>>> print(open('query20.cif').read())   # mmCIF, C-alpha atoms
data_final
loop_
_atom_site.group_PDB
_atom_site.id
_atom_site.type_symbol
_atom_site.label_atom_id
_atom_site.label_comp_id
_atom_site.auth_asym_id
_atom_site.auth_seq_id
_atom_site.Cartn_x
_atom_site.Cartn_y
_atom_site.Cartn_z
ATOM 1 C CA MET A 21 -4.125 -19.065 -0.967
ATOM 2 C CA CYS A 22 -6.473 -16.074 -0.796
ATOM 3 C CA LEU A 23 -5.186 -13.276 1.453
ATOM 4 C CA LEU A 24 -7.723 -10.569 0.648
ATOM 5 C CA GLU A 25 -11.333 -10.775 -0.467
ATOM 6 C CA THR A 26 -13.958 -8.073 -0.893
ATOM 7 C CA LEU A 27 -17.643 -8.815 -1.374
ATOM 8 C CA ASN A 28 -20.017 -6.261 -2.916
ATOM 9 C CA LEU A 29 -17.845 -3.486 -1.475
ATOM 10 C CA CYS A 30 -19.318 0.022 -1.786
ATOM 11 C CA LYS A 31 -18.286 3.482 -0.642
ATOM 12 C CA VAL A 32 -20.739 6.334 -1.153
ATOM 13 C CA TYR A 33 -19.912 9.914 -0.153
ATOM 14 C CA ASP A 34 -22.713 12.272 0.819
ATOM 15 C CA ALA A 35 -22.424 15.330 -1.408
ATOM 16 C CA LYS A 36 -24.343 17.642 0.970
ATOM 17 C CA GLY A 37 -27.634 17.916 -0.847
ATOM 18 C CA LEU A 38 -26.237 17.025 -4.271
ATOM 19 C CA ILE A 39 -26.303 13.576 -5.852
ATOM 20 C CA PRO A 40 -24.246 11.200 -3.644
ATOM 21 C CA LEU A 41 -20.898 10.170 -5.123
ATOM 22 C CA THR A 42 -20.303 6.425 -5.435
ATOM 23 C CA ALA A 43 -16.517 6.086 -5.312
ATOM 24 C CA VAL A 44 -16.427 2.269 -5.035
ATOM 25 C CA ASP A 45 -19.314 0.361 -6.570
ATOM 26 C CA SER A 46 -20.025 -3.313 -5.712
ATOM 27 C CA VAL A 47 -16.397 -4.438 -5.957
ATOM 28 C CA ASN A 48 -15.685 -8.163 -5.672
ATOM 29 C CA LEU A 49 -11.965 -8.814 -5.480
ATOM 30 C CA ARG A 50 -9.603 -11.634 -4.550
ATOM 31 C CA VAL A 51 -5.880 -11.152 -3.988
ATOM 32 C CA GLU A 52 -3.692 -14.204 -3.482
ATOM 33 C CA ARG A 53 -0.980 -14.354 -0.829
ATOM 34 C CA GLY A 54 2.426 -13.611 -2.380
ATOM 35 C CA SER A 55 0.981 -11.824 -5.429
ATOM 36 C CA PHE A 56 2.132 -8.567 -7.028
ATOM 37 C CA SER A 57 -1.131 -6.998 -8.176
ATOM 38 C CA VAL A 58 -1.835 -3.592 -9.686
ATOM 39 C CA LEU A 59 -5.065 -1.601 -9.521
ATOM 40 C CA SER A 60 -5.141 0.512 -12.645
ATOM 41 C CA GLY A 61 -7.584 3.002 -14.076
ATOM 42 C CA PRO A 62 -7.898 6.716 -14.804
ATOM 43 C CA SER A 63 -7.867 9.414 -12.117
ATOM 44 C CA GLY A 64 -11.155 9.378 -10.248
ATOM 45 C CA SER A 65 -11.782 5.679 -10.912
ATOM 46 C CA GLY A 66 -11.743 4.820 -7.194
ATOM 47 C CA LYS A 67 -8.242 3.358 -6.791
ATOM 48 C CA THR A 68 -7.218 5.338 -3.702
ATOM 49 C CA THR A 69 -10.611 4.935 -2.046
ATOM 50 C CA LEU A 70 -10.467 1.169 -2.582
ATOM 51 C CA LEU A 71 -6.961 0.955 -1.082
ATOM 52 C CA ASN A 72 -8.057 3.047 1.908
ATOM 53 C CA LEU A 73 -10.992 0.699 2.501
ATOM 54 C CA ILE A 74 -8.809 -2.409 2.220
ATOM 55 C CA GLY A 75 -6.234 -0.903 4.593
ATOM 56 C CA GLY A 76 -8.848 0.044 7.176
ATOM 57 C CA LEU A 77 -8.188 3.779 6.786
ATOM 58 C CA ASP A 78 -11.825 4.276 5.772
ATOM 59 C CA ARG A 79 -15.047 2.391 6.452
ATOM 60 C CA PRO A 80 -17.213 1.022 3.613
ATOM 61 C CA SER A 81 -20.823 2.101 3.165
ATOM 62 C CA SER A 82 -21.728 -1.544 2.587
ATOM 63 C CA GLY A 83 -20.149 -4.874 1.697
ATOM 64 C CA ALA A 84 -17.394 -6.873 3.364
ATOM 65 C CA ILE A 85 -13.577 -6.941 3.432
ATOM 66 C CA THR A 86 -11.746 -10.011 4.699
ATOM 67 C CA LEU A 87 -7.976 -9.621 5.064
ATOM 68 C CA ALA A 88 -5.771 -12.367 6.517
ATOM 69 C CA GLY A 89 -8.874 -14.100 7.836
ATOM 70 C CA GLN A 90 -10.184 -10.989 9.611
ATOM 71 C CA GLU A 91 -13.486 -9.384 8.587
ATOM 72 C CA LEU A 92 -12.722 -5.684 9.005
ATOM 73 C CA SER A 93 -16.257 -4.395 9.569
ATOM 74 C CA SER A 94 -16.492 -6.504 12.734
ATOM 75 C CA LEU A 95 -13.660 -4.538 14.360
ATOM 76 C CA GLN A 96 -14.097 -1.588 16.706
ATOM 77 C CA GLU A 97 -11.862 1.443 16.073
ATOM 78 C CA LYS A 98 -9.206 0.380 18.588
ATOM 79 C CA GLU A 99 -9.115 -3.165 17.161
ATOM 80 C CA LEU A 100 -8.965 -1.806 13.615
ATOM 81 C CA SER A 101 -6.054 0.460 14.541
ATOM 82 C CA SER A 102 -4.174 -2.518 16.003
ATOM 83 C CA PHE A 103 -4.945 -4.602 12.914
ATOM 84 C CA ARG A 104 -3.549 -1.867 10.631
ATOM 85 C CA LEU A 105 -0.423 -1.598 12.779
ATOM 86 C CA HIS A 106 0.368 -5.321 12.616
ATOM 87 C CA SER A 107 -1.082 -6.465 9.294
ATOM 88 C CA VAL A 108 -0.912 -3.630 6.729
ATOM 89 C CA GLY A 109 2.046 -1.685 5.366
ATOM 90 C CA PHE A 110 1.361 1.589 3.576
ATOM 91 C CA VAL A 111 3.441 3.344 0.908
ATOM 92 C CA PHE A 112 1.944 6.686 -0.122
ATOM 93 C CA GLN A 113 2.437 8.879 -3.184
ATOM 94 C CA ALA A 114 3.611 11.759 -0.964
ATOM 95 C CA TYR A 115 6.019 9.501 1.057
ATOM 96 C CA ASN A 116 4.424 10.592 4.384
ATOM 97 C CA LEU A 117 7.703 10.538 6.295
ATOM 98 C CA VAL A 118 7.759 12.375 9.626
ATOM 99 C CA PRO A 119 9.796 15.505 8.776
ATOM 100 C CA VAL A 120 11.384 15.918 12.243
ATOM 101 C CA LEU A 121 12.663 12.314 12.348
ATOM 102 C CA THR A 122 15.757 10.908 10.651
ATOM 103 C CA ALA A 123 15.477 8.132 8.069
ATOM 104 C CA ARG A 124 16.384 5.591 10.764
ATOM 105 C CA GLU A 125 13.702 6.931 13.125
ATOM 106 C CA ASN A 126 11.115 6.906 10.343
ATOM 107 C CA ILE A 127 11.941 3.305 9.465
ATOM 108 C CA GLU A 128 11.769 2.271 13.140
ATOM 109 C CA TYR A 129 8.508 4.085 13.832
ATOM 110 C CA VAL A 130 6.079 1.208 13.216
ATOM 111 C CA MET A 131 8.300 -1.245 15.112
ATOM 112 C CA ILE A 132 8.394 1.094 18.124
ATOM 113 C CA LEU A 133 4.583 1.196 18.134
ATOM 114 C CA GLN A 134 4.589 -2.611 17.904
ATOM 115 C CA GLY A 135 6.850 -2.863 20.975
ATOM 116 C CA VAL A 136 9.840 -4.405 19.162
ATOM 117 C CA SER A 137 13.027 -4.338 21.274
ATOM 118 C CA GLU A 138 15.745 -1.800 20.444
ATOM 119 C CA SER A 139 18.325 -4.480 19.612
ATOM 120 C CA LEU A 140 15.985 -6.216 17.152
ATOM 121 C CA ARG A 141 14.971 -2.863 15.644
ATOM 122 C CA ASN A 142 18.631 -1.986 15.056
ATOM 123 C CA GLU A 143 19.312 -5.354 13.462
ATOM 124 C CA LYS A 144 16.315 -5.109 11.138
ATOM 125 C CA VAL A 145 17.044 -1.489 10.156
ATOM 126 C CA GLN A 146 20.643 -2.390 9.270
ATOM 127 C CA ASP A 147 19.504 -5.334 7.170
ATOM 128 C CA VAL A 148 16.732 -3.584 5.237
ATOM 129 C CA SER A 149 18.725 -0.384 4.684
ATOM 130 C CA LYS A 150 21.569 -2.344 3.086
ATOM 131 C CA ARG A 151 19.182 -4.278 0.854
ATOM 132 C CA LEU A 152 17.390 -1.100 -0.256
ATOM 133 C CA GLY A 153 20.577 0.919 -0.756
ATOM 134 C CA ILE A 154 19.801 3.538 1.896
ATOM 135 C CA HIS A 155 22.338 2.558 4.552
ATOM 136 C CA GLU A 156 24.259 5.816 4.184
ATOM 137 C CA LEU A 157 21.073 7.877 4.552
ATOM 138 C CA LEU A 158 20.000 6.659 7.989
ATOM 139 C CA ASP A 159 21.030 9.819 9.847
ATOM 140 C CA ARG A 160 19.583 12.224 7.286
ATOM 141 C CA MET A 161 16.315 14.107 7.644
ATOM 142 C CA PRO A 162 13.680 13.723 4.893
ATOM 143 C CA SER A 163 14.450 17.263 3.666
ATOM 144 C CA GLU A 164 18.030 16.137 2.961
ATOM 145 C CA MET A 165 16.936 13.253 0.705
ATOM 146 C CA SER A 166 15.736 13.039 -2.894
ATOM 147 C CA GLY A 167 12.237 11.824 -3.715
ATOM 148 C CA GLY A 168 13.526 8.396 -4.701
ATOM 149 C CA GLN A 169 15.470 8.079 -1.441
ATOM 150 C CA GLN A 170 12.440 9.140 0.617
ATOM 151 C CA GLN A 171 10.258 6.580 -1.137
ATOM 152 C CA ARG A 172 12.773 3.816 -0.384
ATOM 153 C CA VAL A 173 12.714 4.847 3.280
ATOM 154 C CA ALA A 174 8.907 4.636 3.139
ATOM 155 C CA VAL A 175 9.107 1.110 1.687
ATOM 156 C CA ALA A 176 11.573 0.105 4.425
ATOM 157 C CA ARG A 177 9.189 1.440 7.089
ATOM 158 C CA ALA A 178 6.284 -0.516 5.553
ATOM 159 C CA LEU A 179 8.315 -3.725 5.314
ATOM 160 C CA LEU A 180 9.671 -3.775 8.847
ATOM 161 C CA GLY A 181 6.239 -3.971 10.400
ATOM 162 C CA ASP A 182 6.101 -7.511 8.916
ATOM 163 C CA PRO A 183 2.689 -6.828 7.365
ATOM 164 C CA GLU A 184 0.432 -9.350 5.641
ATOM 165 C CA ILE A 185 0.166 -6.970 2.676
ATOM 166 C CA ILE A 186 1.769 -3.739 1.472
ATOM 167 C CA LEU A 187 -0.625 -1.230 -0.101
ATOM 168 C CA ALA A 188 1.140 1.279 -2.331
ATOM 169 C CA ASP A 189 -0.840 4.241 -3.663
ATOM 170 C CA GLU A 190 0.745 5.679 -6.835
ATOM 171 C CA PRO A 191 4.262 5.076 -5.430
ATOM 172 C CA THR A 192 6.027 6.276 -8.609
ATOM 173 C CA ALA A 193 3.901 9.389 -9.210
ATOM 174 C CA ASN A 194 6.498 11.830 -7.837
ATOM 175 C CA LEU A 195 9.564 10.022 -9.199
ATOM 176 C CA ASP A 196 11.434 10.266 -12.505
ATOM 177 C CA SER A 197 11.564 7.200 -14.740
ATOM 178 C CA HIS A 198 14.984 6.064 -13.449
ATOM 179 C CA ASN A 199 13.950 6.136 -9.790
ATOM 180 C CA SER A 200 10.555 4.661 -10.661
ATOM 181 C CA ARG A 201 12.223 1.640 -12.220
ATOM 182 C CA LEU A 202 14.635 1.247 -9.280
ATOM 183 C CA LEU A 203 11.733 1.358 -6.815
ATOM 184 C CA LEU A 204 9.650 -1.129 -8.799
ATOM 185 C CA GLU A 205 12.525 -3.568 -9.263
ATOM 186 C CA MET A 206 13.185 -3.385 -5.533
ATOM 187 C CA MET A 207 9.530 -4.087 -4.653
ATOM 188 C CA ARG A 208 9.361 -6.901 -7.210
ATOM 189 C CA GLU A 209 12.493 -8.472 -5.723
ATOM 190 C CA LEU A 210 10.993 -8.295 -2.223
ATOM 191 C CA ASN A 211 7.870 -9.941 -3.591
ATOM 192 C CA GLU A 212 9.833 -12.755 -5.243
ATOM 193 C CA THR A 213 12.444 -13.399 -2.539
ATOM 194 C CA GLN A 214 10.363 -12.810 0.602
ATOM 195 C CA GLY A 215 6.883 -13.549 -0.670
ATOM 196 C CA THR A 216 5.688 -10.071 0.347
ATOM 197 C CA THR A 217 2.205 -9.410 -1.052
ATOM 198 C CA PHE A 218 1.848 -6.069 -2.850
ATOM 199 C CA LEU A 219 -1.306 -4.317 -4.032
ATOM 200 C CA ILE A 220 -0.348 -1.176 -5.943
ATOM 201 C CA SER A 221 -2.591 1.505 -7.407
ATOM 202 C CA SER A 222 -1.118 3.119 -10.492
ATOM 203 C CA HIS A 223 -1.696 4.148 -14.084
ATOM 204 C CA ASP A 224 2.070 4.242 -14.750
ATOM 205 C CA PRO A 225 2.790 1.981 -17.783
ATOM 206 C CA MET A 226 6.052 0.862 -16.150
ATOM 207 C CA VAL A 227 4.168 -0.394 -13.082
ATOM 208 C CA LEU A 228 1.649 -2.246 -15.269
ATOM 209 C CA GLU A 229 4.476 -3.818 -17.259
ATOM 210 C CA MET A 230 6.034 -5.295 -14.107
ATOM 211 C CA SER A 231 2.801 -6.392 -12.454
ATOM 212 C CA GLY A 232 1.418 -9.876 -12.027
ATOM 213 C CA GLU A 233 -2.365 -9.577 -11.886
ATOM 214 C CA LYS A 234 -3.909 -6.399 -13.309
ATOM 215 C CA ILE A 235 -7.204 -5.161 -11.876
ATOM 216 C CA LEU A 236 -8.860 -2.422 -13.942
ATOM 217 C CA LEU A 237 -11.169 0.059 -12.234
ATOM 218 C CA ARG A 238 -13.500 2.466 -13.981
ATOM 219 C CA ASP A 239 -16.127 4.614 -12.227
ATOM 220 C CA GLY A 240 -15.620 2.611 -9.044
ATOM 221 C CA LYS A 241 -16.269 -0.746 -10.697
ATOM 222 C CA VAL A 242 -13.853 -3.585 -11.472
ATOM 223 C CA LEU A 243 -13.999 -4.397 -15.167
ATOM 224 C CA ASP A 244 -13.596 -7.994 -16.286
ATOM 225 C CA GLU A 245 -11.383 -8.994 -19.221
ATOM 226 C CA ALA A 246 -14.257 -8.992 -21.674
ATOM 227 C CA GLN A 247 -15.046 -5.376 -20.803
ATOM 228 C CA THR A 248 -11.408 -4.237 -20.869
ATOM 229 C CA SER A 249 -10.870 -5.543 -24.414
ATOM 230 C CA HIS A 250 -13.394 -3.082 -25.883
#
>>> encode(input="query20.cif", output="structure tokens")
Amino acid sequence: MCLLETLNLCKVYDAKGLIPLTAVDSVNLRVERGSFSVLSGPSGSGKTTLLNLIGGLDRPSSGAITLAGQELSSLQEKELSSFRLHSVGFVFQAYNLVPVLTARENIEYVMILQGVSESLRNEKVQDVSKRLGIHELLDRMPSEMSGGQQQRVAVARALLGDPEIILADEPTANLDSHNSRLLLEMMRELNETQGTTFLISSHDPMVLEMSGEKILLRDGKVLDEAQTSH
């Protein structure tokens, strides 16, 4: 079943008198529910911009995005913010944990915004922290954790919002190979056991090796298999 579809999606940035920059160029994409897909391509190919458009963090210049049956361009800012809160989980390259909050408070953050009760939040935090191997870190601040530990906290935070899809932008970029593999195996297991849909941007060979569908971007365009074989 299709969870995400883009139709002729474009994002053009005004370069203030210079030639406008087309970061995403007429992208047509389908992502199936329960898939583990990877957007690959060199730096500057449009991966992050495309994820930001899909996640509603940025607005397209033209084209359409339908996610979980909702056409995003039809939403006003307040509606789009609510849609992001309930339907999209984000995992960023730089972790994006709140530095003044403990791991537990970071993990709970989305659920608090969603109005989840304290007892249910506690139950879910205990469960996910045990599964992700971060149970002993819950009272630590981000500055007291390694990069791999912070990224696992970020994944826990994304998961507990019960999103339709998790968008992960270069999640292994700041990790060594050991922690990269641990993180990927953990995300793959969540995909296989819980049916969580992942769309990951990366040019890490390890990520590509563990992916299901591979989507290659170059100069803002999705290349088909015939083009990628040259």
>>> atom_distance(input="query20.cif", atom1="atom CA of A:Ser221", atom2="atom CA of A:Gln90")
22.4 Å
>>> residues_near_point(input="query20.cif", point="(18.1, 10.9, 5.2)", cutoff="9 Å", atoms="all atoms listed in the file", output="ChimeraX atom specification")
/A:122-124,154,156-166,169-170,173
>>> residues_around(input="query20.cif", residues="stretch 58-62 of chain A", least_positions_apart="2", cutoff="6 Å", atoms="all atoms listed in the file", output="list of chain:residue names")
A:Ser65, A:Leu219, A:Ile220, A:Ser221, A:Ser222, A:His223, A:Lys234, A:Ile235, A:Leu236, A:Leu237, A:Arg238
>>> closest_residue(input="query20.cif", among="A:Val111, A:Leu228, A:Leu204, A:Ile127", to="A:Ile185", atoms="only C-alpha atoms")
A:Val111
>>> closest_residue(input="query20.cif", among="A:Val108, A:Leu210, A:Leu140, A:Met226", to="A:Asp196", atoms="all atoms listed in the file")
A:Met226
>>> closest_residue(input="query20.cif", among="A:Asp45, A:Leu73, A:Phe56, A:Thr86", to="A:Glu25", atoms="all atoms listed in the file")
A:Thr86
>>> closest_residue(input="query20.cif", among="A:Thr26, A:Ser46, A:Asn194, A:Thr213", to="A:Ser93", atoms="all atoms listed in the file")
A:Thr26
>>> axis_aligned_box(input="query20.cif", around="stretch 114-122 of chain A", padding_each_side="4 Å", output="JSON")
{"center_x": 9.7, "center_y": 12.7, "center_z": 5.7, "size_x": 20.1, "size_y": 14.4, "size_z": 21.3}
>>> resolve_selection(input="query20.cif", expression="the PyMOL selection byres ((chain A and resi 101-106) around 7)", output="list of chain:residue names")
A:Gly75, A:Gly76, A:Glu97, A:Lys98, A:Glu99, A:Leu100, A:Ser107, A:Val108, A:Gly181, A:Pro183
>>> closest_residue(input="query20.cif", among="A:Val47, A:Leu121, A:Ile85, A:Leu187", to="A:Thr68", atoms="only C-alpha atoms")
A:Leu187
>>> resolve_selection(input="query20.cif", expression="the PyMOL selection byres ((chain A and resi 52) around 9)", output="compact mmCIF listing (two decimals) with C-alpha atoms, in the frame of the given file")
# COMPACT_ATOMS: atom_id res chain seq x y z
CA MET A 21 -4.12 -19.07 -0.97
CA CYS A 22 -6.47 -16.07 -0.80
CA LEU A 23 -5.19 -13.28 1.45
CA LEU A 24 -7.72 -10.57 0.65
CA GLU A 25 -11.33 -10.78 -0.47
CA ARG A 50 -9.60 -11.63 -4.55
CA VAL A 51 -5.88 -11.15 -3.99
CA ARG A 53 -0.98 -14.35 -0.83
CA GLY A 54 2.43 -13.61 -2.38
CA SER A 55 0.98 -11.82 -5.43
CA PHE A 56 2.13 -8.57 -7.03
CA SER A 57 -1.13 -7.00 -8.18
CA THR A 217 2.20 -9.41 -1.05
>>> atom_distance(input="query20.cif", atom1="atom CA of A:Leu243", atom2="atom CA of A:Glu190")
19.7 Å
>>> resolve_selection(input="query20.cif", expression="the PyMOL selection byres ((chain A and resi 66) around 7)", output="ChimeraX atom specification")
/A:43-44,64-65,67-70,237,239-240
>>> closest_residue(input="query20.cif", among="A:Gln146, A:Ser81, A:Asn211, A:Gln113", to="A:Asp34", atoms="all atoms listed in the file")
A:Ser81
>>> atom_distance(input="query20.cif", atom1="atom CA of A:Leu180", atom2="atom CA of A:Val148")
7.9 Å
